[in-house]
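Structure data (mmCIF, C-alpha atoms) from target04.cif:
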```
data_run
loop_
_atom_site.label_atom_id
_atom_site.label_comp_id
_atom_site.auth_asym_id
_atom_site.auth_seq_id
_atom_site.Cartn_x
_atom_site.Cartn_y
_atom_site.Cartn_z
CA MET M 1 145.22 35.70 -75.64
CA GLN M 2 141.44 35.65 -75.77
CA LYS M 3 141.19 32.08 -77.05
CA ALA M 4 143.02 30.77 -73.98
CA VAL M 5 140.98 32.94 -71.63
CA ASP M 6 137.73 31.63 -73.12
CA LEU M 7 138.89 28.02 -72.87
CA ASP M 8 139.85 28.48 -69.23
CA ASN M 9 136.55 30.19 -68.41
CA SER M 10 134.65 27.15 -69.72
CA ASP M 11 137.00 24.56 -68.21
CA PRO M 12 135.03 21.98 -66.14
CA LEU M 13 138.25 20.85 -64.41
CA ALA M 14 139.58 24.26 -63.37
CA HIS M 15 138.61 23.75 -59.71
CA LEU M 16 140.96 20.76 -59.41
CA ARG M 17 144.04 22.99 -59.50
CA GLU M 18 143.35 23.98 -55.89
CA MET M 19 143.79 20.37 -54.83
CA PHE M 20 147.53 20.50 -55.56
CA PHE M 21 150.62 22.23 -54.23
CA LEU M 22 152.24 24.29 -56.99
CA PRO M 23 154.99 26.83 -56.31
CA GLU M 24 153.92 30.40 -57.00
CA GLY M 25 154.84 31.41 -60.54
CA MET M 26 155.82 27.91 -61.69
CA ILE M 27 154.32 26.43 -64.85
CA TYR M 28 154.74 22.68 -64.39
CA PHE M 29 155.00 20.65 -67.60
CA ASP M 30 156.66 17.62 -66.04
CA GLY M 31 153.70 15.66 -64.72
CA ASN M 32 154.73 12.93 -67.16
CA SER M 33 157.80 12.35 -64.94
CA LEU M 34 156.59 13.34 -61.46
CA GLY M 35 153.09 14.59 -60.77
CA ALA M 36 152.32 17.47 -58.44
CA MET M 37 151.60 16.78 -54.77
CA PRO M 38 147.94 16.60 -53.71
CA LYS M 39 147.37 18.84 -50.70
CA ALA M 40 145.39 16.13 -48.94
CA ALA M 41 148.48 13.91 -48.88
CA LEU M 42 149.93 15.89 -45.98
CA GLY M 43 147.01 15.10 -43.69
CA ILE M 44 146.95 11.44 -44.70
CA ILE M 45 150.69 11.02 -44.17
CA ASN M 46 150.39 12.79 -40.83
CA GLU M 47 147.72 10.30 -39.77
CA ALA M 48 149.76 7.37 -41.07
CA THR M 49 152.88 8.42 -39.16
CA GLN M 50 151.58 9.96 -35.95
CA GLN M 51 148.62 7.67 -35.34
CA GLU M 52 149.00 4.46 -37.34
CA TRP M 53 152.76 4.05 -36.95
CA ALA M 54 153.72 6.05 -33.85
CA SER M 55 150.71 5.11 -31.69
CA ASP M 56 149.05 2.00 -33.07
CA LEU M 57 152.26 0.39 -34.31
CA ILE M 58 151.88 -3.23 -35.42
CA THR M 59 148.14 -3.28 -34.76
CA SER M 60 147.73 -1.04 -37.81
CA TRP M 61 148.19 -4.04 -40.10
CA ASN M 62 144.63 -4.92 -39.03
CA LYS M 63 143.29 -1.75 -37.42
CA ALA M 64 144.24 0.56 -40.32
CA GLY M 65 143.93 -2.17 -42.96
CA TRP M 66 147.55 -1.93 -44.09
CA PHE M 67 147.66 -5.53 -45.33
CA ASP M 68 144.79 -4.99 -47.76
CA LEU M 69 146.03 -1.71 -49.29
CA PRO M 70 147.51 -3.34 -52.44
CA THR M 71 144.14 -4.76 -53.48
CA ARG M 72 141.90 -2.06 -51.98
CA TYR M 73 143.74 0.68 -53.83
CA GLY M 74 144.14 -1.63 -56.82
CA ASP M 75 140.36 -1.82 -57.18
CA ARG M 76 140.21 1.99 -57.16
CA LEU M 77 142.90 2.23 -59.82
CA ALA M 78 141.15 -0.42 -61.90
CA ALA M 79 138.29 1.99 -62.58
CA ILE M 80 140.78 4.55 -63.98
CA ILE M 81 142.33 2.13 -66.50
CA GLY M 82 139.21 0.31 -67.62
CA ALA M 83 139.59 -2.83 -65.52
CA ASP M 84 137.34 -4.58 -63.01
CA ALA M 85 137.76 -5.04 -59.28
CA GLY M 86 140.07 -7.96 -58.58
CA GLU M 87 142.18 -7.42 -61.71
CA VAL M 88 144.69 -4.83 -60.44
CA VAL M 89 147.11 -4.93 -57.53
CA ILE M 90 149.37 -2.04 -56.52
CA CYS M 91 152.84 -3.15 -55.46
CA ASP M 92 156.58 -2.94 -55.95
CA SER M 93 158.13 -0.97 -58.84
CA THR M 94 157.24 -0.88 -62.52
CA SER M 95 160.37 -2.82 -63.47
CA ILE M 96 159.71 -5.57 -60.93
CA ASN M 97 156.11 -5.83 -62.07
CA LEU M 98 157.24 -6.05 -65.69
CA TYR M 99 159.49 -8.96 -64.77
CA LYS M 100 156.50 -10.69 -63.19
CA ALA M 101 154.31 -9.89 -66.21
CA LEU M 102 156.86 -11.23 -68.69
CA PHE M 103 156.97 -14.62 -66.99
CA ALA M 104 153.21 -14.54 -66.45
CA GLY M 105 152.72 -14.09 -70.19
CA LEU M 106 155.21 -16.85 -70.94
CA SER M 107 153.39 -19.14 -68.50
CA LEU M 108 150.29 -18.77 -70.65
CA ARG M 109 152.22 -19.75 -73.80
CA PRO M 110 154.70 -22.41 -72.58
CA ASP M 111 155.30 -23.74 -76.09
CA ARG M 112 156.61 -20.37 -77.39
CA HIS M 113 159.84 -18.54 -76.64
CA VAL M 114 159.83 -15.16 -78.42
CA ILE M 115 159.31 -11.80 -76.69
CA LEU M 116 158.54 -9.08 -79.23
CA ALA M 117 159.16 -5.45 -78.33
CA GLU M 118 159.64 -2.05 -79.93
CA LYS M 119 163.11 -0.85 -80.88
CA ASN M 120 162.27 2.55 -79.35
CA SER M 121 160.79 1.07 -76.18
CA PHE M 122 161.59 2.70 -72.85
CA PRO M 123 165.09 1.29 -72.19
CA THR M 124 164.40 -0.12 -68.73
CA ASP M 125 161.64 -2.29 -70.23
CA LEU M 126 164.23 -3.84 -72.53
CA TYR M 127 166.69 -4.23 -69.65
CA MET M 128 164.07 -6.31 -67.84
CA VAL M 129 163.55 -8.44 -70.95
CA GLU M 130 167.31 -9.03 -71.02
CA GLY M 131 167.05 -10.14 -67.40
CA ALA M 132 164.29 -12.57 -68.31
CA LEU M 133 166.41 -13.98 -71.13
CA ALA M 134 169.33 -14.46 -68.75
CA ALA M 135 167.12 -16.29 -66.26
CA ARG M 136 165.60 -18.64 -68.82
CA PRO M 137 167.87 -19.94 -71.58
CA GLY M 138 166.12 -20.44 -74.88
CA LEU M 139 164.11 -17.23 -74.85
CA GLU M 140 164.54 -14.78 -77.71
CA MET M 141 163.96 -11.02 -77.82
CA ARG M 142 163.02 -9.46 -81.15
CA LEU M 143 163.10 -5.69 -81.49
CA VAL M 144 161.03 -4.26 -84.33
CA GLU M 145 159.63 -0.94 -85.53
CA ASP M 146 156.23 -2.25 -86.66
CA LEU M 147 154.73 -4.41 -83.90
CA ALA M 148 151.37 -5.14 -85.46
CA GLY M 149 152.97 -6.10 -88.75
CA THR M 150 155.55 -8.47 -87.28
CA ILE M 151 153.57 -10.54 -84.76
CA ASP M 152 153.55 -14.14 -85.93
CA GLU M 153 152.81 -17.58 -84.51
CA SER M 154 156.26 -17.89 -82.93
CA VAL M 155 155.65 -14.96 -80.58
CA ALA M 156 154.70 -15.69 -76.97
CA VAL M 157 154.60 -12.17 -75.53
CA VAL M 158 154.29 -8.73 -77.10
CA LEU M 159 155.53 -5.82 -74.97
CA VAL M 160 154.10 -2.41 -75.91
CA ASN M 161 154.47 1.10 -74.53
CA HIS M 162 151.02 2.67 -74.76
CA VAL M 163 152.67 6.10 -75.14
CA ASP M 164 156.16 6.52 -76.58
CA TYR M 165 158.24 8.24 -73.91
CA ARG M 166 160.15 10.40 -76.40
CA SER M 167 157.60 11.42 -79.02
CA GLY M 168 154.36 10.94 -77.11
CA ARG M 169 152.95 8.81 -79.94
CA LEU M 170 149.95 6.75 -78.84
CA ALA M 171 149.84 3.06 -79.70
CA ASP M 172 146.57 1.49 -80.85
CA VAL M 173 145.48 -0.83 -78.03
CA ALA M 174 142.61 -2.37 -79.96
CA LEU M 175 144.62 -3.03 -83.14
CA ILE M 176 147.74 -4.47 -81.54
CA THR M 177 145.84 -6.58 -79.01
CA ALA M 178 143.57 -8.00 -81.72
CA ARG M 179 146.53 -8.80 -83.98
CA ALA M 180 148.41 -10.49 -81.14
CA HIS M 181 145.42 -12.60 -80.21
CA GLU M 182 144.92 -13.56 -83.84
CA MET M 183 148.45 -14.97 -83.76
CA GLY M 184 147.93 -16.58 -80.34
CA ALA M 185 150.24 -14.20 -78.47
CA VAL M 186 149.82 -12.45 -75.10
CA VAL M 187 150.19 -8.66 -74.83
CA ILE M 188 151.72 -6.67 -71.96
CA TRP M 189 150.86 -2.96 -72.03
CA ASP M 190 153.16 -0.46 -70.32
CA LEU M 191 150.81 2.29 -69.14
CA CYS M 192 153.34 4.53 -67.39
CA HIS M 193 152.57 7.50 -69.65
CA SER M 194 148.84 6.91 -70.05
CA ALA M 195 147.40 5.79 -66.69
CA GLY M 196 145.51 8.70 -65.17
CA ILE M 197 145.61 10.88 -68.26
CA LEU M 198 143.46 9.19 -70.92
CA PRO M 199 140.85 6.42 -71.19
CA VAL M 200 142.78 3.16 -71.47
CA GLU M 201 139.84 0.70 -71.51
CA LEU M 202 141.83 -2.49 -70.94
CA ASN M 203 138.87 -4.83 -70.69
CA LEU M 204 137.01 -3.23 -73.58
CA HIS M 205 139.91 -4.17 -75.85
CA GLY M 206 140.50 -7.62 -74.35
CA ALA M 207 143.89 -6.84 -72.81
CA ASP M 208 145.88 -9.61 -71.13
CA LEU M 209 148.41 -7.94 -68.83
CA ALA M 210 149.51 -4.39 -68.06
CA ILE M 211 151.94 -2.61 -65.78
CA GLY M 212 152.53 1.01 -64.88
CA CYS M 213 153.62 3.53 -62.28
CA THR M 214 151.58 5.84 -60.05
CA TYR M 215 153.95 8.80 -59.68
CA LYS M 216 153.43 10.44 -63.07
CA TYR M 217 149.93 11.54 -64.10
CA LEU M 218 148.42 9.72 -61.10
CA ASN M 219 150.39 12.02 -58.74
CA GLY M 220 151.22 9.37 -56.13
CA GLY M 221 154.59 10.85 -55.13
CA PRO M 222 158.25 10.05 -55.89
CA GLY M 223 158.79 6.30 -55.95
CA SER M 224 155.14 5.56 -55.16
CA PRO M 225 154.24 1.89 -55.72
CA ALA M 226 153.51 0.66 -59.21
CA PHE M 227 150.68 -1.59 -60.39
CA ILE M 228 150.05 -4.74 -62.37
CA TYR M 229 146.87 -5.80 -64.16
CA CYS M 230 145.87 -9.30 -65.17
CA ALA M 231 142.61 -10.06 -66.95
CA ALA M 232 140.32 -12.16 -64.77
CA LYS M 233 140.17 -14.90 -67.40
CA HIS M 234 143.92 -15.51 -66.99
CA LEU M 235 144.11 -15.53 -63.20
CA PRO M 236 143.37 -19.28 -62.75
CA HIS M 237 146.13 -20.20 -65.21
CA VAL M 238 148.87 -17.61 -64.85
CA SER M 239 151.97 -17.79 -62.67
CA GLN M 240 154.81 -15.40 -61.82
CA PRO M 241 158.33 -16.14 -60.57
CA LEU M 242 158.66 -13.93 -57.48
CA SER M 243 156.84 -16.23 -55.07
CA GLY M 244 156.96 -14.13 -51.91
CA TRP M 245 154.83 -14.60 -48.83
CA TRP M 246 152.37 -11.80 -49.59
CA GLY M 247 151.35 -13.71 -52.71
CA HIS M 248 150.67 -16.91 -50.76
CA GLU M 249 147.06 -18.08 -50.45
CA LYS M 250 147.44 -18.26 -46.64
CA PRO M 251 150.50 -16.14 -45.76
CA PHE M 252 150.04 -16.37 -42.01
CA ASP M 253 149.92 -20.16 -41.97
CA PHE M 254 153.68 -19.98 -42.64
CA ASP M 255 153.65 -23.20 -44.65
CA THR M 256 156.99 -24.47 -45.93
CA GLY M 257 155.72 -24.88 -49.49
CA TYR M 258 154.45 -22.05 -51.69
CA ALA M 259 150.80 -22.04 -52.76
CA PRO M 260 149.81 -18.92 -54.74
CA ASP M 261 146.70 -16.94 -54.06
CA ALA M 262 143.96 -17.76 -56.55
CA GLY M 263 143.33 -14.12 -57.44
CA ILE M 264 145.26 -10.98 -58.24
CA ARG M 265 147.19 -11.17 -54.94
CA LYS M 266 149.30 -13.90 -56.54
CA PHE M 267 151.25 -11.03 -58.14
CA LEU M 268 152.38 -9.75 -54.74
CA CYS M 269 155.78 -10.64 -53.40
CA GLY M 270 157.03 -9.06 -50.15
CA THR M 271 156.01 -6.40 -47.65
CA GLN M 272 154.88 -3.17 -49.28
CA PRO M 273 155.93 0.47 -48.52
CA ILE M 274 152.95 1.47 -46.42
CA LEU M 275 153.72 5.18 -46.03
CA SER M 276 153.96 5.52 -49.82
CA PHE M 277 150.66 3.67 -50.11
CA ARG M 278 148.98 6.07 -47.74
CA ALA M 279 150.20 9.09 -49.73
CA LEU M 280 148.81 7.43 -52.85
CA GLU M 281 145.35 7.48 -51.28
CA ALA M 282 145.21 11.27 -51.69
CA ALA M 283 146.09 10.93 -55.36
CA LEU M 284 143.37 8.36 -56.00
CA ASP M 285 140.83 10.57 -54.20
CA VAL M 286 141.31 13.21 -56.92
CA PHE M 287 140.05 10.78 -59.56
CA ASP M 288 136.87 9.76 -57.73
CA GLY M 289 133.94 10.55 -60.01
CA LEU M 290 136.21 12.06 -62.67
CA ASP M 291 135.23 11.41 -66.29
CA MET M 292 138.39 10.33 -68.12
CA ALA M 293 136.90 11.51 -71.42
CA VAL M 294 136.64 15.05 -70.03
CA LEU M 295 140.23 14.83 -68.81
CA ARG M 296 141.34 13.63 -72.23
CA ALA M 297 139.51 16.46 -74.01
CA LYS M 298 141.30 19.11 -71.95
CA SER M 299 144.62 17.34 -72.40
CA CYS M 300 144.21 17.47 -76.18
CA SER M 301 143.19 21.12 -76.02
CA LEU M 302 146.24 22.10 -73.95
CA SER M 303 148.73 20.23 -76.11
CA ALA M 304 147.18 21.45 -79.38
CA LEU M 305 147.40 25.06 -78.22
CA PHE M 306 151.02 24.54 -77.21
CA ILE M 307 151.94 23.17 -80.66
CA GLU M 308 150.09 25.98 -82.41
CA LEU M 309 151.88 28.68 -80.44
CA VAL M 310 155.35 27.15 -80.53
CA GLN M 311 155.22 26.61 -84.28
CA ALA M 312 154.09 30.21 -84.77
CA LYS M 313 156.53 31.86 -82.35
CA VAL M 314 159.52 29.52 -82.12
CA PRO M 315 160.03 28.06 -85.61
CA SER M 316 163.57 26.90 -84.81
CA LEU M 317 162.11 24.00 -82.79
CA ALA M 318 161.06 20.96 -84.81
CA LEU M 319 157.92 19.10 -83.74
CA ALA M 320 158.80 15.52 -82.73
CA SER M 321 155.26 14.46 -81.76
CA PRO M 322 152.27 13.60 -83.95
CA THR M 323 150.31 16.64 -85.11
CA ASP M 324 146.99 14.83 -84.67
CA ALA M 325 145.96 14.94 -81.00
CA ALA M 326 144.24 11.56 -81.36
CA GLN M 327 147.66 10.02 -82.01
CA ARG M 328 149.33 11.66 -78.99
CA GLY M 329 149.33 10.91 -75.31
CA SER M 330 149.46 14.01 -73.10
CA GLN M 331 152.92 15.19 -73.99
CA VAL M 332 154.46 17.25 -76.77
CA SER M 333 158.08 16.92 -77.81
CA PHE M 334 160.21 19.23 -79.91
CA SER M 335 163.76 18.65 -81.07
CA HIS M 336 166.69 21.06 -81.19
CA PRO M 337 170.48 20.53 -81.12
CA GLN M 338 170.64 22.59 -77.89
CA ALA M 339 167.67 20.92 -76.22
CA TYR M 340 169.34 20.41 -72.86
CA PRO M 341 170.43 24.02 -72.16
CA ILE M 342 167.13 25.33 -73.51
CA VAL M 343 165.25 23.19 -70.98
CA GLN M 344 167.54 24.40 -68.20
CA ALA M 345 166.93 28.03 -69.15
CA LEU M 346 163.19 27.39 -69.10
CA ILE M 347 163.38 25.81 -65.64
CA GLU M 348 165.27 28.81 -64.27
CA ARG M 349 162.41 31.01 -65.51
CA GLY M 350 159.77 28.81 -63.88
CA VAL M 351 158.71 26.68 -66.86
CA VAL M 352 159.50 23.08 -65.91
CA GLY M 353 159.73 20.55 -68.71
CA ASP M 354 162.44 17.97 -69.26
CA PHE M 355 165.07 16.71 -71.67
CA ARG M 356 165.50 13.31 -73.28
CA MET M 357 168.45 12.11 -75.28
CA PRO M 358 169.63 13.04 -77.77
CA ASP M 359 167.85 16.32 -78.59
CA ILE M 360 164.30 16.24 -77.20
CA LEU M 361 162.52 18.96 -75.22
CA ARG M 362 159.58 17.18 -73.60
CA PHE M 363 156.48 18.83 -72.12
CA GLY M 364 153.74 16.96 -70.24
CA PHE M 365 150.24 18.40 -69.87
CA SER M 366 148.24 17.48 -66.78
CA PRO M 367 144.69 18.85 -67.09
CA LEU M 368 144.31 18.55 -63.30
CA TYR M 369 146.45 21.59 -62.59
CA LEU M 370 147.36 23.31 -65.88
CA SER M 371 145.45 26.05 -67.68
CA HIS M 372 145.49 27.34 -71.24
CA MET M 373 146.94 30.62 -70.02
CA ASP M 374 149.81 28.62 -68.49
CA VAL M 375 150.52 27.44 -72.03
CA VAL M 376 150.45 30.98 -73.41
CA ARG M 377 152.83 32.29 -70.74
CA ALA M 378 155.19 29.35 -71.18
CA VAL M 379 155.49 29.84 -74.93
CA ASP M 380 156.17 33.54 -74.45
CA ILE M 381 159.03 32.66 -72.10
CA LEU M 382 160.33 30.05 -74.54
CA GLN M 383 160.24 32.61 -77.35
CA GLU M 384 162.23 35.07 -75.28
CA ILE M 385 164.87 32.44 -74.44
CA MET M 386 165.30 31.47 -78.07
CA GLU M 387 165.39 35.00 -79.47
CA SER M 388 167.90 36.21 -76.86
CA GLU M 389 169.88 32.93 -76.91
CA ALA M 390 169.77 32.99 -73.13
CA TRP M 391 170.19 29.21 -73.17
CA ASN M 392 173.81 29.72 -74.25
CA ALA M 393 174.90 30.83 -70.77
CA PRO M 394 177.58 28.51 -69.30
CA ARG M 395 175.47 27.58 -66.26
CA PHE M 396 172.93 25.87 -68.53
CA GLN M 397 175.51 23.57 -70.16
CA ALA M 398 176.57 21.50 -67.14
CA ARG M 399 174.50 18.36 -66.71
CA GLY M 400 173.32 17.01 -63.39
CA ALA M 401 173.04 13.35 -62.48
CA VAL M 402 169.33 13.43 -63.39
CA THR M 403 168.47 14.97 -66.76
#
```
Using the file provided, produce a representation of the structure as structure tokens.
Amino acid sequence: MQKAVDLDNSDPLAHLREMFFLPEGMIYFDGNSLGAMPKAALGIINEATQQEWASDLITSWNKAGWFDLPTRYGDRLAAIIGADAGEVVICDSTSINLYKALFAGLSLRPDRHVILAEKNSFPTDLYMVEGALAARPGLEMRLVEDLAGTIDESVAVVLVNHVDYRSGRLADVALITARAHEMGAVVIWDLCHSAGILPVELNLHGADLAIGCTYKYLNGGPGSPAFIYCAAKHLPHVSQPLSGWWGHEKPFDFDTGYAPDAGIRKFLCGTQPILSFRALEAALDVFDGLDMAVLRAKSCSLSALFIELVQAKVPSLALASPTDAAQRGSQVSFSHPQAYPIVQALIERGVVGDFRMPDILRFGFSPLYLSHMDVVRAVDILQEIMESEAWNAPRFQARGAVT
């Protein structure tokens, strides 16, 4: 397809593909669940294990700077999500950081007790809200379809997924944040499906708090540590409930009482997974000097081409994502009653997407390692599977523990 060839020939990001391990012949559309492995991670992990751990042992907390990794890497990530140095710390898991953020938001609005969230929010976000409600009697969770239209003066915290995990629909950061602030509420943005793939611009839009993971579009590796953002203006006033020693202002004084750090380190809790941190360094290196607007432009181009070709060649799939690229993150979803076996048939043929209940085929587009010709080849394979009904084979019906 000449259009795809021309787009690839003029792609300013094409050289980045060589920075990642990708199995020969695989077209990887699942960077929205687990990003590809940066090649440089092997050397960094080798150094971290054979030198820092095996040889230097405990001296590496100082010698290799292990203790400062959460804030040092946090400052690097801040530049990717539109924050300033000192506003982001990398630590723990997304769910744990959300728990911290919920209580941090509530600490800024002690006279209010309502947490407002989307009905179609990522389920684990709502599980963590339930946990917050169980820990503090008197809190209320309201689930709505129209966040901006339902924020009122009773709401303490608004929890928003920047990108809907099923449809890929993009929430309006500026609009929702402004509306929340107008009503005196605090907003927590879940950036799991947007960090590292599009310009987020937290400070530009006056964001309060945000959380997210590093193993999707940021390519930090399975289970790599998550992050939490807090606007500098809130740091002197905010508190969080997991008062572990790494968040203490003087952790090595070993005082009996807890005194939180004055800055972003107050969001730390316990000892961090250092080897995972060191692998994350390779992922952050990829983004050094990278223009997020250029990344976003290629993302939109890839996903738009995918929609165009699927609708032309595979009309039995129904588009479940916004048609307008400006309203999408970097994923495209289609629905079909046999979504699960179709995805399994694609994977067997080297096209890796994923399935989400109840009937969603989901495809993530990472501009760092995907080309427009990858899209063309993938749609051709999808067309063949649908026309031959290859998905109907018994081996594609059985579901594994992870779908």
Requested in this report: To verify the selection step, state as a ChimeraX atom specification which residues the PyMOL selection byres ((chain M and resi 163-173) around 7) yields on this input.
Outcome: /M:122,161-162,174-177,193-194,205,320-322,327-329,331-333,356
Mind dumping the selected residues with C-alpha atoms as a PDB file, in the coordinates of the input?
```pdb
ATOM      1  CA  PHE M 122     161.590   2.700 -72.850  1.00  0.00           C
ATOM      2  CA  ASN M 161     154.470   1.100 -74.530  1.00  0.00           C
ATOM      3  CA  HIS M 162     151.020   2.670 -74.760  1.00  0.00           C
ATOM      4  CA  ALA M 174     142.610  -2.370 -79.960  1.00  0.00           C
ATOM      5  CA  LEU M 175     144.620  -3.030 -83.140  1.00  0.00           C
ATOM      6  CA  ILE M 176     147.740  -4.470 -81.540  1.00  0.00           C
ATOM      7  CA  THR M 177     145.840  -6.580 -79.010  1.00  0.00           C
ATOM      8  CA  HIS M 193     152.570   7.500 -69.650  1.00  0.00           C
ATOM      9  CA  SER M 194     148.840   6.910 -70.050  1.00  0.00           C
ATOM     10  CA  HIS M 205     139.910  -4.170 -75.850  1.00  0.00           C
ATOM     11  CA  ALA M 320     158.800  15.520 -82.730  1.00  0.00           C
ATOM     12  CA  SER M 321     155.260  14.460 -81.760  1.00  0.00           C
ATOM     13  CA  PRO M 322     152.270  13.600 -83.950  1.00  0.00           C
ATOM     14  CA  GLN M 327     147.660  10.020 -82.010  1.00  0.00           C
ATOM     15  CA  ARG M 328     149.330  11.660 -78.990  1.00  0.00           C
ATOM     16  CA  GLY M 329     149.330  10.910 -75.310  1.00  0.00           C
ATOM     17  CA  GLN M 331     152.920  15.190 -73.990  1.00  0.00           C
ATOM     18  CA  VAL M 332     154.460  17.250 -76.770  1.00  0.00           C
ATOM     19  CA  SER M 333     158.080  16.920 -77.810  1.00  0.00           C
ATOM     20  CA  ARG M 356     165.500  13.310 -73.280  1.00  0.00           C
TER      21      ARG M 356
END
```
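A straight line drawn from atom CA of Val310 of chain M to atom CA of Ser371 of chain M is 16.3 Å long.
One distance worth recording is that between atom CA of Phe306 of chain M and atom CA of Arg395 of chain M, which is 27.0 Å.
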Could you put an axis-aligned box around every listed atom of segment 164-177 of chain M, padded by 6 Å on each side, and send me its centre and edge lengths in Å to one decimal, as JSON?
```
{"center_x": 151.4, "center_y": 2.4, "center_z": -78.5, "size_x": 29.5, "size_y": 30.0, "size_z": 21.2}
```
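Across the chains present, the PyMOL selection byres ((chain M and resi 16) around 12) applied to this file returns Asp11, Pro12, Leu13, Ala14, His15, Arg17, Glu18, Met19, Phe20, Phe21, Ala36, Pro38, Lys39, Ala283, Asp285, Val286, Phe287, Asp288, Leu290, Leu295, Ser366, Pro367, Leu368, Tyr369, Leu370 and Ser371 of chain M.
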Requested in this report: Compile the contact shell of Ser239 of chain M as a ChimeraX atom specification: residues with an atom at most 10 Å away, counting all atoms listed in the file, same-chain residues fewer than 4 positions apart removed.
Outcome: /M:100-101,103-108,234-235,243,260,266-267
